[in-house]
file data35.cif (mmCIF, C-alpha atoms and all ligand atoms)
data_target
#
loop_
_atom_site.label_atom_id
_atom_site.label_comp_id
_atom_site.auth_asym_id
_atom_site.auth_seq_id
_atom_site.Cartn_x
_atom_site.Cartn_y
_atom_site.Cartn_z
CA MET A 1 79.65 5.13 -34.76
CA ALA A 2 82.99 3.58 -35.64
CA ILE A 3 83.67 3.41 -39.36
CA LYS A 4 83.53 -0.18 -40.58
CA ASP A 5 85.87 -1.66 -43.18
CA ILE A 6 84.23 -1.20 -46.55
CA TYR A 7 85.13 -3.28 -49.60
CA LEU A 8 84.46 -1.93 -53.09
CA HIS A 9 85.06 -3.48 -56.50
CA ASN A 10 87.75 -1.37 -58.14
CA THR A 11 87.81 -1.57 -61.97
CA LEU A 12 91.48 -0.45 -61.86
CA THR A 13 92.50 -3.78 -60.32
CA GLY A 14 89.46 -5.91 -61.13
CA LYS A 15 89.18 -6.79 -57.44
CA LYS A 16 87.21 -6.00 -54.33
CA GLU A 17 89.46 -3.78 -52.26
CA LEU A 18 89.41 -2.31 -48.79
CA PHE A 19 88.42 1.33 -49.19
CA LYS A 20 90.95 3.82 -47.82
CA PRO A 21 90.23 7.51 -48.32
CA VAL A 22 92.90 10.06 -49.28
CA THR A 23 92.01 12.08 -46.17
CA ASP A 24 90.79 10.38 -42.99
CA GLY A 25 87.07 10.77 -42.47
CA LYS A 26 86.44 12.40 -45.84
CA VAL A 27 85.43 11.03 -49.23
CA GLY A 28 85.36 12.71 -52.63
CA ILE A 29 83.17 11.11 -55.33
CA TYR A 30 82.87 12.14 -58.96
CA SER A 31 79.87 10.78 -60.82
CA CYS A 32 79.89 11.33 -64.60
CA GLY A 33 76.76 13.31 -65.39
CA PRO A 34 74.53 13.36 -68.47
CA THR A 35 74.93 15.16 -71.77
CA VAL A 36 71.77 17.22 -71.72
CA TYR A 37 70.22 16.95 -75.18
CA ASN A 38 67.12 14.89 -74.39
CA GLN A 39 65.41 13.21 -71.48
CA VAL A 40 67.51 10.56 -69.75
CA HIS A 41 66.15 7.01 -69.65
CA ILE A 42 65.86 4.72 -66.65
CA GLY A 43 69.03 2.88 -67.72
CA ASN A 44 71.02 6.12 -67.41
CA LEU A 45 69.42 6.79 -64.05
CA ARG A 46 70.80 3.57 -62.59
CA SER A 47 74.22 5.20 -62.52
CA TYR A 48 73.01 8.16 -60.41
CA PHE A 49 71.00 5.86 -58.16
CA PHE A 50 74.13 3.81 -57.55
CA ALA A 51 76.27 6.89 -56.76
CA ASP A 52 73.48 7.99 -54.40
CA ILE A 53 73.54 4.68 -52.53
CA LEU A 54 77.34 4.92 -52.26
CA LYS A 55 77.12 8.50 -50.99
CA ARG A 56 74.34 7.72 -48.51
CA PHE A 57 76.11 4.67 -47.12
CA LEU A 58 79.45 6.43 -46.68
CA THR A 59 77.69 9.42 -45.06
CA TRP A 60 75.77 7.08 -42.77
CA GLN A 61 79.07 5.46 -41.82
CA GLY A 62 80.31 8.83 -40.62
CA TYR A 63 82.30 10.11 -43.59
CA GLU A 64 82.05 13.67 -44.76
CA VAL A 65 81.20 13.09 -48.43
CA THR A 66 81.65 15.54 -51.30
CA LEU A 67 79.78 14.41 -54.41
CA VAL A 68 80.39 16.10 -57.76
CA ARG A 69 77.96 15.29 -60.58
CA ASN A 70 78.64 17.29 -63.74
CA ILE A 71 76.40 18.44 -66.54
CA THR A 72 77.87 18.12 -70.05
CA ASP A 73 76.28 21.05 -71.82
CA VAL A 74 78.38 21.36 -74.96
CA ASP A 75 79.11 18.73 -77.63
CA ASP A 76 78.15 17.92 -81.23
CA LYS A 77 74.62 16.85 -80.31
CA THR A 78 73.70 19.74 -78.01
CA ILE A 79 74.96 22.27 -80.56
CA LYS A 80 73.13 20.65 -83.46
CA LYS A 81 69.84 20.21 -81.59
CA SER A 82 69.83 23.74 -80.18
CA GLN A 83 70.31 25.03 -83.72
CA GLN A 84 67.41 22.89 -84.93
CA GLU A 85 65.19 24.35 -82.21
CA ASN A 86 66.54 27.80 -82.97
CA ILE A 87 67.37 28.61 -79.35
CA SER A 88 70.68 29.35 -77.61
CA LEU A 89 72.80 26.44 -76.38
CA LYS A 90 72.34 27.68 -72.82
CA GLU A 91 68.54 27.75 -73.06
CA PHE A 92 68.46 24.36 -74.79
CA THR A 93 70.71 22.56 -72.28
CA GLY A 94 69.08 24.36 -69.34
CA LYS A 95 65.75 22.80 -70.26
CA TYR A 96 67.11 19.24 -70.29
CA ALA A 97 69.28 19.77 -67.21
CA GLN A 98 66.11 20.73 -65.33
CA LEU A 99 64.30 17.60 -66.55
CA PHE A 100 67.28 15.56 -65.34
CA PHE A 101 67.18 17.16 -61.87
CA ASP A 102 63.42 16.51 -61.73
CA ASP A 103 63.98 12.82 -62.50
CA LEU A 104 66.62 12.56 -59.76
CA LYS A 105 64.20 14.06 -57.26
CA LYS A 106 61.48 11.58 -58.20
CA LEU A 107 63.89 8.74 -57.45
CA ASN A 108 64.81 10.36 -54.13
CA ILE A 109 68.40 10.80 -55.32
CA GLU A 110 69.98 13.44 -53.12
CA GLU A 111 71.44 16.61 -54.54
CA ALA A 112 75.14 16.59 -55.31
CA THR A 113 77.46 18.86 -53.36
CA TYR A 114 78.43 20.41 -56.70
CA SER A 115 76.75 20.13 -60.13
CA PRO A 116 79.21 21.98 -62.37
CA ARG A 117 78.44 22.68 -66.01
CA ALA A 118 81.15 22.13 -68.60
CA THR A 119 80.63 25.56 -70.20
CA GLU A 120 81.37 27.23 -66.88
CA ASN A 121 84.74 25.52 -66.39
CA ILE A 122 86.57 26.25 -69.61
CA ASP A 123 89.58 27.89 -67.88
CA GLU A 124 90.29 24.71 -65.91
CA MET A 125 90.18 22.68 -69.15
CA LEU A 126 92.56 25.10 -70.91
CA LYS A 127 95.06 24.72 -68.08
CA ILE A 128 95.17 20.91 -68.52
CA ILE A 129 95.45 21.18 -72.32
CA GLN A 130 98.32 23.67 -71.98
CA ASP A 131 100.11 21.35 -69.53
CA LEU A 132 99.68 18.44 -71.95
CA LEU A 133 101.09 20.49 -74.82
CA LYS A 134 104.04 21.43 -72.58
CA ASN A 135 104.63 17.79 -71.63
CA GLY A 136 104.60 16.68 -75.27
CA LEU A 137 101.44 14.58 -74.85
CA ALA A 138 99.26 16.74 -77.05
CA TYR A 139 99.69 18.17 -80.52
CA LYS A 140 98.01 20.67 -82.73
CA ALA A 141 96.31 19.43 -85.93
CA LYS A 142 94.34 21.31 -88.52
CA ASP A 143 90.97 20.92 -86.84
CA GLY A 144 91.94 20.84 -83.19
CA ILE A 145 94.34 19.85 -80.43
CA TYR A 146 94.67 16.12 -79.89
CA PHE A 147 95.93 13.84 -77.17
CA SER A 148 98.63 11.50 -78.43
CA ILE A 149 97.97 8.06 -77.01
CA SER A 150 101.28 6.69 -78.32
CA LYS A 151 103.15 9.11 -76.03
CA SER A 152 101.09 8.19 -73.00
CA LYS A 153 102.40 5.69 -70.44
CA ASN A 154 99.98 2.90 -69.49
CA TYR A 155 97.25 4.12 -71.82
CA GLY A 156 94.25 1.83 -71.59
CA ALA A 157 95.19 0.08 -68.33
CA LEU A 158 91.73 0.67 -66.86
CA ALA A 159 90.04 -1.07 -69.77
CA GLY A 160 92.71 -3.79 -69.99
CA LEU A 161 93.70 -2.61 -73.46
CA HIS A 162 96.98 -3.63 -75.02
CA ILE A 163 97.90 -0.84 -77.35
CA ASP A 164 100.34 -1.08 -80.17
CA ASN A 165 102.10 2.21 -79.58
CA THR A 166 104.07 2.02 -82.78
CA LYS A 167 100.99 2.59 -84.91
CA SER A 168 100.82 5.90 -86.73
CA GLU A 169 98.54 8.52 -85.25
CA GLU A 170 94.90 8.11 -86.11
CA ARG A 171 92.53 10.77 -85.03
CA ILE A 172 88.92 10.89 -83.99
CA ALA A 173 87.32 14.27 -84.54
CA ASN A 174 83.67 13.87 -83.58
CA ASP A 175 82.05 12.98 -80.28
CA GLU A 176 80.89 9.54 -81.39
CA TYR A 177 83.72 7.28 -80.41
CA ASP A 178 84.61 3.99 -81.91
CA LYS A 179 84.27 1.56 -79.02
CA GLU A 180 86.88 -0.85 -80.35
CA ASN A 181 89.67 1.20 -81.72
CA PRO A 182 91.75 3.52 -79.52
CA GLN A 183 92.59 6.67 -81.42
CA ASP A 184 93.98 10.08 -80.64
CA PHE A 185 91.09 12.09 -79.32
CA ALA A 186 90.27 15.78 -79.40
CA LEU A 187 91.03 17.88 -76.35
CA TRP A 188 90.01 21.08 -78.09
CA LYS A 189 88.09 21.43 -81.35
CA PHE A 190 88.68 24.46 -83.48
CA TRP A 191 85.63 26.43 -84.49
CA THR A 192 83.88 25.56 -87.75
CA PRO A 193 80.83 27.35 -89.24
CA GLU A 194 78.63 24.43 -88.05
CA ASP A 195 79.33 25.48 -84.46
CA GLY A 196 77.59 28.82 -85.08
CA GLU A 197 77.83 31.02 -82.01
CA VAL A 198 79.28 28.33 -79.79
CA PHE A 199 82.98 28.99 -79.22
CA TRP A 200 85.53 30.31 -76.75
CA ASP A 201 88.26 32.57 -78.04
CA THR A 202 91.33 31.41 -76.12
CA GLU A 203 95.16 31.34 -76.23
CA ILE A 204 95.04 27.86 -77.73
CA GLY A 205 92.63 28.91 -80.47
CA LYS A 206 88.98 29.68 -81.05
CA GLY A 207 86.91 26.57 -80.37
CA ARG A 208 85.35 24.33 -77.74
CA PRO A 209 86.40 21.44 -75.50
CA GLY A 210 86.21 17.71 -76.25
CA TRP A 211 84.09 15.56 -73.95
CA HIS A 212 86.78 13.79 -71.91
CA ILE A 213 88.67 16.91 -70.89
CA GLU A 214 85.53 18.27 -69.27
CA CYS A 215 85.42 15.57 -66.61
CA SER A 216 89.19 15.69 -65.97
CA ALA A 217 88.86 19.41 -65.25
CA MET A 218 85.66 19.40 -63.20
CA SER A 219 86.56 16.43 -61.00
CA VAL A 220 89.99 17.72 -59.97
CA LYS A 221 88.73 21.30 -59.50
CA TYR A 222 86.42 20.24 -56.68
CA LEU A 223 88.07 17.09 -55.35
CA GLY A 224 91.83 17.46 -55.91
CA GLN A 225 94.14 14.86 -57.52
CA PRO A 226 94.06 12.06 -56.77
CA PHE A 227 90.53 11.95 -55.41
CA ASP A 228 88.81 8.92 -53.92
CA ILE A 229 86.07 7.43 -56.09
CA HIS A 230 85.09 7.90 -59.72
CA THR A 231 81.77 6.34 -60.77
CA GLY A 232 79.87 5.77 -64.00
CA GLY A 233 78.19 3.20 -66.19
CA ILE A 234 80.30 0.28 -67.45
CA ASP A 235 80.20 1.73 -70.98
CA LEU A 236 82.30 4.67 -69.76
CA VAL A 237 85.35 2.50 -68.94
CA PHE A 238 86.50 2.93 -72.52
CA PRO A 239 87.00 5.40 -74.00
CA HIS A 240 85.73 8.04 -71.56
CA HIS A 241 87.38 7.09 -68.27
CA THR A 242 90.43 5.67 -70.02
CA ASN A 243 90.92 9.05 -71.69
CA GLU A 244 90.21 11.02 -68.52
CA ILE A 245 92.97 9.06 -66.77
CA ALA A 246 95.44 9.56 -69.63
CA GLN A 247 94.84 13.31 -69.68
CA SER A 248 94.90 13.92 -65.95
CA GLU A 249 97.96 11.74 -65.30
CA GLY A 250 99.73 13.22 -68.30
CA ALA A 251 99.14 16.78 -67.15
CA CYS A 252 100.15 16.03 -63.57
CA ASP A 253 103.44 14.05 -63.79
CA GLY A 254 101.76 10.66 -63.57
CA LYS A 255 99.76 11.42 -60.44
CA PRO A 256 96.65 9.20 -60.53
CA LEU A 257 93.28 10.79 -61.24
CA ALA A 258 91.31 8.71 -58.72
CA ASN A 259 92.11 5.73 -56.49
CA TYR A 260 88.91 3.72 -57.08
CA PHE A 261 86.82 3.43 -60.24
CA LEU A 262 83.38 1.90 -59.68
CA HIS A 263 81.14 0.99 -62.60
CA ASN A 264 77.52 -0.06 -62.67
CA GLY A 265 76.03 -2.59 -65.09
CA HIS A 266 73.50 -1.75 -67.77
CA VAL A 267 69.75 -2.04 -67.64
CA LEU A 268 68.61 -4.25 -70.49
CA ILE A 269 65.24 -4.29 -72.14
CA ASP A 270 64.19 -7.41 -74.05
CA ASN A 271 67.72 -8.58 -73.25
CA SER A 272 69.46 -5.85 -75.22
CA LYS A 273 71.01 -2.61 -73.96
CA MET A 274 68.59 0.21 -73.31
CA ALA A 275 69.81 2.98 -75.61
CA LYS A 276 68.53 6.22 -76.99
CA SER A 277 70.15 5.48 -80.33
CA ALA A 278 68.30 2.16 -80.66
CA GLY A 279 65.00 3.74 -79.60
CA ASN A 280 64.34 1.03 -76.99
CA PHE A 281 64.24 3.04 -73.79
CA ILE A 282 61.87 3.96 -70.99
CA THR A 283 61.71 7.22 -69.07
CA ILE A 284 60.50 7.98 -65.55
CA GLU A 285 57.66 9.92 -67.16
CA GLU A 286 56.51 6.70 -68.82
CA VAL A 287 56.68 4.85 -65.48
CA SER A 288 54.38 7.49 -63.91
CA SER A 289 52.01 7.47 -66.88
CA LYS A 290 51.45 3.75 -66.31
CA GLY A 291 50.26 4.56 -62.79
CA LEU A 292 53.44 3.30 -61.11
CA THR A 293 55.39 5.42 -58.64
CA PRO A 294 58.97 6.36 -59.63
CA LEU A 295 60.15 5.03 -56.26
CA SER A 296 59.09 1.55 -57.33
CA TYR A 297 61.93 1.80 -59.86
CA ARG A 298 64.34 2.60 -57.00
CA TYR A 299 63.01 -0.46 -55.15
CA TRP A 300 63.44 -2.53 -58.32
CA LEU A 301 67.08 -1.42 -58.63
CA LEU A 302 67.79 -2.29 -55.00
CA ASN A 303 66.92 -5.91 -55.81
CA ALA A 304 70.14 -6.33 -57.78
CA ASN A 305 73.73 -5.49 -57.08
CA TYR A 306 74.89 -2.42 -58.94
CA ARG A 307 77.41 -4.33 -61.06
CA THR A 308 75.00 -6.90 -62.47
CA LEU A 309 73.18 -6.64 -65.76
CA ILE A 310 69.44 -6.45 -65.17
CA ASN A 311 66.61 -6.97 -67.58
CA PHE A 312 63.71 -4.54 -67.26
CA THR A 313 60.12 -5.75 -67.55
CA TRP A 314 56.90 -3.97 -66.61
CA GLU A 315 55.79 -7.08 -64.68
CA THR A 316 58.79 -7.01 -62.36
CA LEU A 317 58.40 -3.26 -61.86
CA ALA A 318 54.74 -3.80 -60.90
CA SER A 319 55.86 -6.44 -58.36
CA SER A 320 58.29 -3.92 -56.90
CA GLU A 321 55.47 -1.38 -56.62
CA GLN A 322 53.39 -3.93 -54.72
CA ALA A 323 56.27 -4.81 -52.41
CA LEU A 324 57.00 -1.16 -51.67
CA LYS A 325 53.32 -0.55 -50.90
CA ARG A 326 53.20 -3.57 -48.60
CA LEU A 327 56.26 -2.31 -46.79
CA SER A 328 55.00 1.23 -46.22
CA ARG A 329 51.54 -0.03 -45.24
CA ALA A 330 53.00 -2.44 -42.70
CA LEU A 331 55.05 0.39 -41.21
CA SER A 332 52.21 2.90 -41.19
CA ALA A 333 50.12 0.47 -39.15
CA ILE A 334 52.70 0.75 -36.36
CA GLU A 335 52.11 3.84 -34.28
CA GLU A 336 54.85 3.88 -31.67
CA ILE A 337 58.53 4.49 -32.12
CA GLY A 338 60.87 1.97 -30.53
CA GLU A 339 64.55 1.17 -30.28
CA ILE A 340 66.86 0.37 -33.17
CA ASN A 341 67.74 -3.32 -33.19
CA LYS A 342 71.56 -3.44 -33.11
CA ASP A 343 71.83 -7.01 -34.44
CA TYR A 344 69.88 -6.24 -37.59
CA LEU A 345 71.74 -3.00 -38.07
CA GLU A 346 75.02 -4.89 -37.85
CA LYS A 347 73.81 -7.37 -40.51
CA PHE A 348 72.76 -4.50 -42.74
CA GLU A 349 76.12 -2.79 -42.34
CA GLU A 350 77.90 -6.01 -43.17
CA ALA A 351 75.89 -6.47 -46.38
CA MET A 352 76.49 -2.90 -47.50
CA SER A 353 80.20 -3.02 -46.63
CA ASP A 354 80.54 -5.91 -49.05
CA ASP A 355 80.50 -3.84 -52.25
CA LEU A 356 77.08 -2.34 -51.49
CA ASN A 357 75.03 -5.53 -51.43
CA THR A 358 71.62 -3.87 -51.65
CA SER A 359 69.70 -7.04 -52.49
CA LYS A 360 70.85 -8.55 -49.20
CA ALA A 361 70.04 -5.29 -47.41
CA LEU A 362 66.50 -5.39 -48.79
CA ALA A 363 66.12 -9.02 -47.69
CA ILE A 364 67.16 -7.96 -44.17
CA VAL A 365 64.35 -5.36 -44.15
CA TRP A 366 61.80 -8.12 -44.85
CA ASP A 367 63.41 -10.40 -42.25
CA ILE A 368 62.91 -7.64 -39.67
CA LEU A 369 59.22 -7.30 -40.57
CA LYS A 370 58.67 -11.05 -40.25
CA ASP A 371 60.55 -11.43 -36.97
CA ASN A 372 58.11 -12.30 -34.17
CA SER A 373 60.68 -11.80 -31.44
CA THR A 374 61.06 -8.08 -32.21
CA SER A 375 58.38 -5.59 -31.14
CA ASP A 376 56.52 -3.68 -33.84
CA ALA A 377 57.87 -0.38 -32.58
CA ASP A 378 61.47 -1.65 -32.77
CA LYS A 379 60.87 -3.03 -36.26
CA LYS A 380 59.68 0.34 -37.46
CA SER A 381 62.61 2.25 -35.93
CA THR A 382 65.17 -0.18 -37.33
CA ILE A 383 63.73 -0.15 -40.84
CA LEU A 384 63.47 3.64 -40.91
CA GLU A 385 67.14 3.83 -39.87
CA ILE A 386 68.14 1.46 -42.70
CA ASP A 387 66.06 3.49 -45.12
CA LYS A 388 68.35 6.48 -44.55
CA VAL A 389 70.71 4.52 -46.84
CA LEU A 390 68.26 2.69 -49.12
CA GLY A 391 66.38 5.93 -49.75
CA LEU A 392 62.85 4.57 -50.29
CA ASP A 393 61.56 7.62 -48.42
CA LEU A 394 59.51 5.35 -46.13
CA ALA A 395 59.17 7.93 -43.34
CA ASN A 396 57.42 10.36 -45.67
CA GLN A 397 55.32 7.71 -47.34
CA ILE A 398 53.87 6.79 -43.96
CA LYS A 399 52.99 10.42 -43.26
CA THR A 400 51.26 10.88 -46.59
CA GLN A 401 49.11 7.74 -46.43
CA VAL A 402 46.06 9.58 -45.05
CA ALA A 403 46.65 12.77 -47.01
CA GLU A 404 46.80 10.75 -50.23
CA ALA A 405 43.24 9.43 -49.96
CA PRO A 406 40.96 11.14 -52.49
CA GLU A 407 38.56 13.79 -51.20
CA GLU A 408 35.55 11.54 -51.75
CA VAL A 409 37.05 8.91 -49.45
CA ARG A 410 38.01 11.45 -46.81
CA ILE A 411 34.47 12.90 -46.75
CA LEU A 412 33.00 9.40 -46.36
CA ALA A 413 35.44 8.71 -43.55
CA GLU A 414 34.47 11.90 -41.74
CA THR A 415 30.74 11.19 -42.14
CA ARG A 416 31.38 7.74 -40.73
CA GLU A 417 33.24 9.26 -37.80
CA GLU A 418 30.13 11.38 -37.05
CA ALA A 419 27.88 8.32 -37.29
CA ARG A 420 30.13 6.47 -34.84
CA LYS A 421 30.00 9.36 -32.37
CA ASN A 422 26.19 9.13 -32.54
CA SER A 423 26.36 5.34 -32.07
CA ASN A 424 24.77 4.87 -35.46
CA TRP A 425 26.48 1.54 -36.10
CA ALA A 426 24.46 0.48 -39.14
CA GLU A 427 25.38 3.66 -41.02
CA SER A 428 28.97 3.38 -39.85
CA ASP A 429 29.23 -0.16 -41.26
CA ALA A 430 27.61 0.85 -44.54
CA LEU A 431 30.10 3.71 -44.92
CA ARG A 432 33.02 1.41 -44.16
CA GLN A 433 31.84 -0.77 -47.05
CA LYS A 434 31.53 2.23 -49.37
CA ILE A 435 35.08 3.27 -48.48
CA ALA A 436 36.28 -0.28 -49.17
CA ASP A 437 34.49 -0.27 -52.52
CA LEU A 438 36.61 2.76 -53.41
CA GLY A 439 39.76 0.77 -52.55
CA TRP A 440 40.50 2.17 -49.07
CA LYS A 441 40.67 0.70 -45.63
CA ILE A 442 39.58 2.69 -42.60
CA GLU A 443 40.88 1.87 -39.15
CA ASP A 444 39.62 3.42 -35.95
CA LYS A 445 42.26 4.89 -33.68
CA SER A 446 41.94 6.70 -30.40
CA GLY A 447 40.75 10.19 -31.32
CA GLY A 448 40.27 9.51 -35.04
CA PHE A 449 40.99 7.14 -37.91
CA THR A 450 43.61 6.20 -40.49
CA LEU A 451 43.09 5.54 -44.15
CA SER A 452 45.28 3.24 -46.22
CA PRO A 453 44.89 1.78 -49.69
CA LEU A 454 43.55 -1.76 -49.76
ZN ZN B 1 82.67 11.97 -67.40
#
call {"tool": "encode", "arguments": {"input": "data35.cif", "output": "structure tokens"}}
result
Amino acid sequence: MAIKDIYLHNTLTGKKELFKPVTDGKVGIYSCGPTVYNQVHIGNLRSYFFADILKRFLTWQGYEVTLVRNITDVDDKTIKKSQQENISLKEFTGKYAQLFFDDLKKLNIEEATYSPRATENIDEMLKIIQDLLKNGLAYKAKDGIYFSISKSKNYGALAGLHIDNTKSEERIANDEYDKENPQDFALWKFWTPEDGEVFWDTEIGKGRPGWHIECSAMSVKYLGQPFDIHTGGIDLVFPHHTNEIAQSEGACDGKPLANYFLHNGHVLIDNSKMAKSAGNFITIEEVSSKGLTPLSYRYWLLNANYRTLINFTWETLASSEQALKRLSRALSAIEEIGEINKDYLEKFEEAMSDDLNTSKALAIVWDILKDNSTSDADKKSTILEIDKVLGLDLANQIKTQVAEAPEEVRILAETREEARKNSNWAESDALRQKIADLGWKIEDKSGGFTLSPL
């Protein structure tokens, strides 16, 4: 398949731009991963869903995609919480990293090519800090090594900040950044007794890295500089990505960090930002405990473009669950495999090439189902092809429809099958009713039956 022109909204320019990779046919994506100190919420997961859609679409288009999604496993919070639980930092962060990977799996988010951990890439961070010291962009203070934003060219361009570079140096020592006020930030924090056993004894001093330097080091290690696409939530534009750019450009003679920065919008709840700190958040575990499938959340996210703000409600999630069920039931009723409809595929490609318009792509799926001029078999093949990008796992959902029926229903269905073989129609009808009372529909097929939820 020929690679189509793809337009993506680049935060660096504030415009939709034609995507051109650094190397023909290849794409490198860095997706800022979680700090693993508790379970991520569904708002955080939108960012990984969005990077997954981007990766799937580019792969489907024929690119060889390398996706790096890091794990931040050292910072103020992880150290403090591991101490409170009286376990090592490694054991503590390992537990939450695993919960994160489990959540990704439930949303059918594909594995990254690399999932580096910050604590395993300290040497790469030291190299950047040493280069920054050499280039006069970093300085040593009492409690750590800081990046000097007044020495940096174009600091804050990504976030559209206009910095008064004549201001005296103000420093920010902890990991909780002031969202309004750009300040010199820590590249390396010298050890204090509060850090306990967490430190690296290095040429630049005994201590640990700051947050921003981690991503500068891990992205370039695997993807080179500049690489193609850097993704994250809109809240990372400043200070995180702004600081990543300043560090990486500063250490590398102004060479850009990445050519495209893509940012997804927040998920709101009751019209305010879903946030751990505010206590108003929902996890995938909670979605499952309400009897809804995690994939219904993926379907719900597909309804909106990744850049828009969306307000979460349980009612709209339940509607998504119903829609997803309707879709997989309609497809499971079609037995044969047909041809992929090129016209619909072209429309789908067009929608996705326009800054990943997933809501339009989803509408195309429903248009295909409703189209009377297309055979059922062709509808199924076309939708399953599109689902390679949307990732609703429709092919597997169809396969598991029968297997999912509870044992009681399956036994009734088999008894009914026996009754039918013996031409005992009255019993067969009574059993069909019993199966329906349990919420399942039985359909007779040549050589057997299928079960699907009513
Ligand atoms: Zn990052």
call {"tool": "residues_around", "arguments": {"input": "data35.cif", "residues": "A:Lys206", "least_positions_apart": "4", "cutoff": "9 Å", "atoms": "only C-alpha atoms", "output": "VMD selection string"}}
result
chain A and resid 189 to 191 199 to 202
call {"tool": "residues_near_ligand", "arguments": {"input": "data35.cif", "ligand": "ligand ZN 1 (chain B)", "cutoff": "9 Å", "atoms": "all atoms listed in the file", "output": "PyMOL selection string"}}
result
chain A and resi 30-34+69-70+72+211-216+219+231-232+236+240-241+244
call {"tool": "residues_around", "arguments": {"input": "data35.cif", "residues": "A:Asp123", "least_positions_apart": "3", "cutoff": "12 Å", "atoms": "all atoms listed in the file", "output": "number ranges by chain"}}
result
A: 118-120, 126-130, 200-204, 208-209, 213-214, 217-218, 221
call {"tool": "write_last_selection", "arguments": {"input": "data35.cif", "atoms": "C-alpha atoms", "output": "PDB file, in the coordinates of the input"}}
result
ATOM      1  CA  ALA A 118      81.150  22.130 -68.600  1.00  0.00           C
ATOM      2  CA  THR A 119      80.630  25.560 -70.200  1.00  0.00           C
ATOM      3  CA  GLU A 120      81.370  27.230 -66.880  1.00  0.00           C
ATOM      4  CA  LEU A 126      92.560  25.100 -70.910  1.00  0.00           C
ATOM      5  CA  LYS A 127      95.060  24.720 -68.080  1.00  0.00           C
ATOM      6  CA  ILE A 128      95.170  20.910 -68.520  1.00  0.00           C
ATOM      7  CA  ILE A 129      95.450  21.180 -72.320  1.00  0.00           C
ATOM      8  CA  GLN A 130      98.320  23.670 -71.980  1.00  0.00           C
ATOM      9  CA  TRP A 200      85.530  30.310 -76.750  1.00  0.00           C
ATOM     10  CA  ASP A 201      88.260  32.570 -78.040  1.00  0.00           C
ATOM     11  CA  THR A 202      91.330  31.410 -76.120  1.00  0.00           C
ATOM     12  CA  GLU A 203      95.160  31.340 -76.230  1.00  0.00           C
ATOM     13  CA  ILE A 204      95.040  27.860 -77.730  1.00  0.00           C
ATOM     14  CA  ARG A 208      85.350  24.330 -77.740  1.00  0.00           C
ATOM     15  CA  PRO A 209      86.400  21.440 -75.500  1.00  0.00           C
ATOM     16  CA  ILE A 213      88.670  16.910 -70.890  1.00  0.00           C
ATOM     17  CA  GLU A 214      85.530  18.270 -69.270  1.00  0.00           C
ATOM     18  CA  ALA A 217      88.860  19.410 -65.250  1.00  0.00           C
ATOM     19  CA  MET A 218      85.660  19.400 -63.200  1.00  0.00           C
ATOM     20  CA  LYS A 221      88.730  21.300 -59.500  1.00  0.00           C
TER      21      LYS A 221
END
call {"tool": "residues_around", "arguments": {"input": "data35.cif", "residues": "stretch 150-152 of chain A", "least_positions_apart": "2", "cutoff": "12 Å", "atoms": "all atoms listed in the file", "output": "VMD selection string"}}
result
chain A and resid 132 to 133 135 to 139 146 to 148 154 to 157 162 to 171 182 to 185 242 to 243 245 to 251 253 to 254
call {"tool": "atom_distance", "arguments": {"input": "data35.cif", "atom1": "atom CA of A:Arg298", "atom2": "atom CA of A:Leu107"}}
result
6.2 Å
call {"tool": "atom_distance", "arguments": {"input": "data35.cif", "atom1": "atom CA of A:Asn357", "atom2": "atom CA of A:Thr293"}}
result
23.6 Å
call {"tool": "atom_distance", "arguments": {"input": "data35.cif", "atom1": "atom CA of A:Asp24", "atom2": "atom CA of A:Ile383"}}
result
29.1 Å
call {"tool": "closest_residue", "arguments": {"input": "data35.cif", "among": "A:Ile79, A:Ala377, A:Ala159, A:Leu362", "to": "A:Glu336", "atoms": "all atoms listed in the file"}}
result
A:Ala377
call {"tool": "closest_residue", "arguments": {"input": "data35.cif", "among": "A:Tyr96, A:Trp440, A:Tyr260, A:Tyr344", "to": "A:Ile71", "atoms": "only C-alpha atoms"}}
result
A:Tyr96
call {"tool": "closest_residue", "arguments": {"input": "data35.cif", "among": "A:Lys15, A:Arg46, A:Lys4, A:Lys80", "to": "A:Tyr299", "atoms": "all atoms listed in the file"}}
result
A:Arg46
call {"tool": "residues_near_point", "arguments": {"input": "data35.cif", "point": "(72.9, 17.9, -65.0)", "cutoff": "12 Å", "atoms": "all atoms listed in the file", "output": "ChimeraX atom specification"}}
result
/A:31-40,45,48,68-74,93-104,111-112,114-118
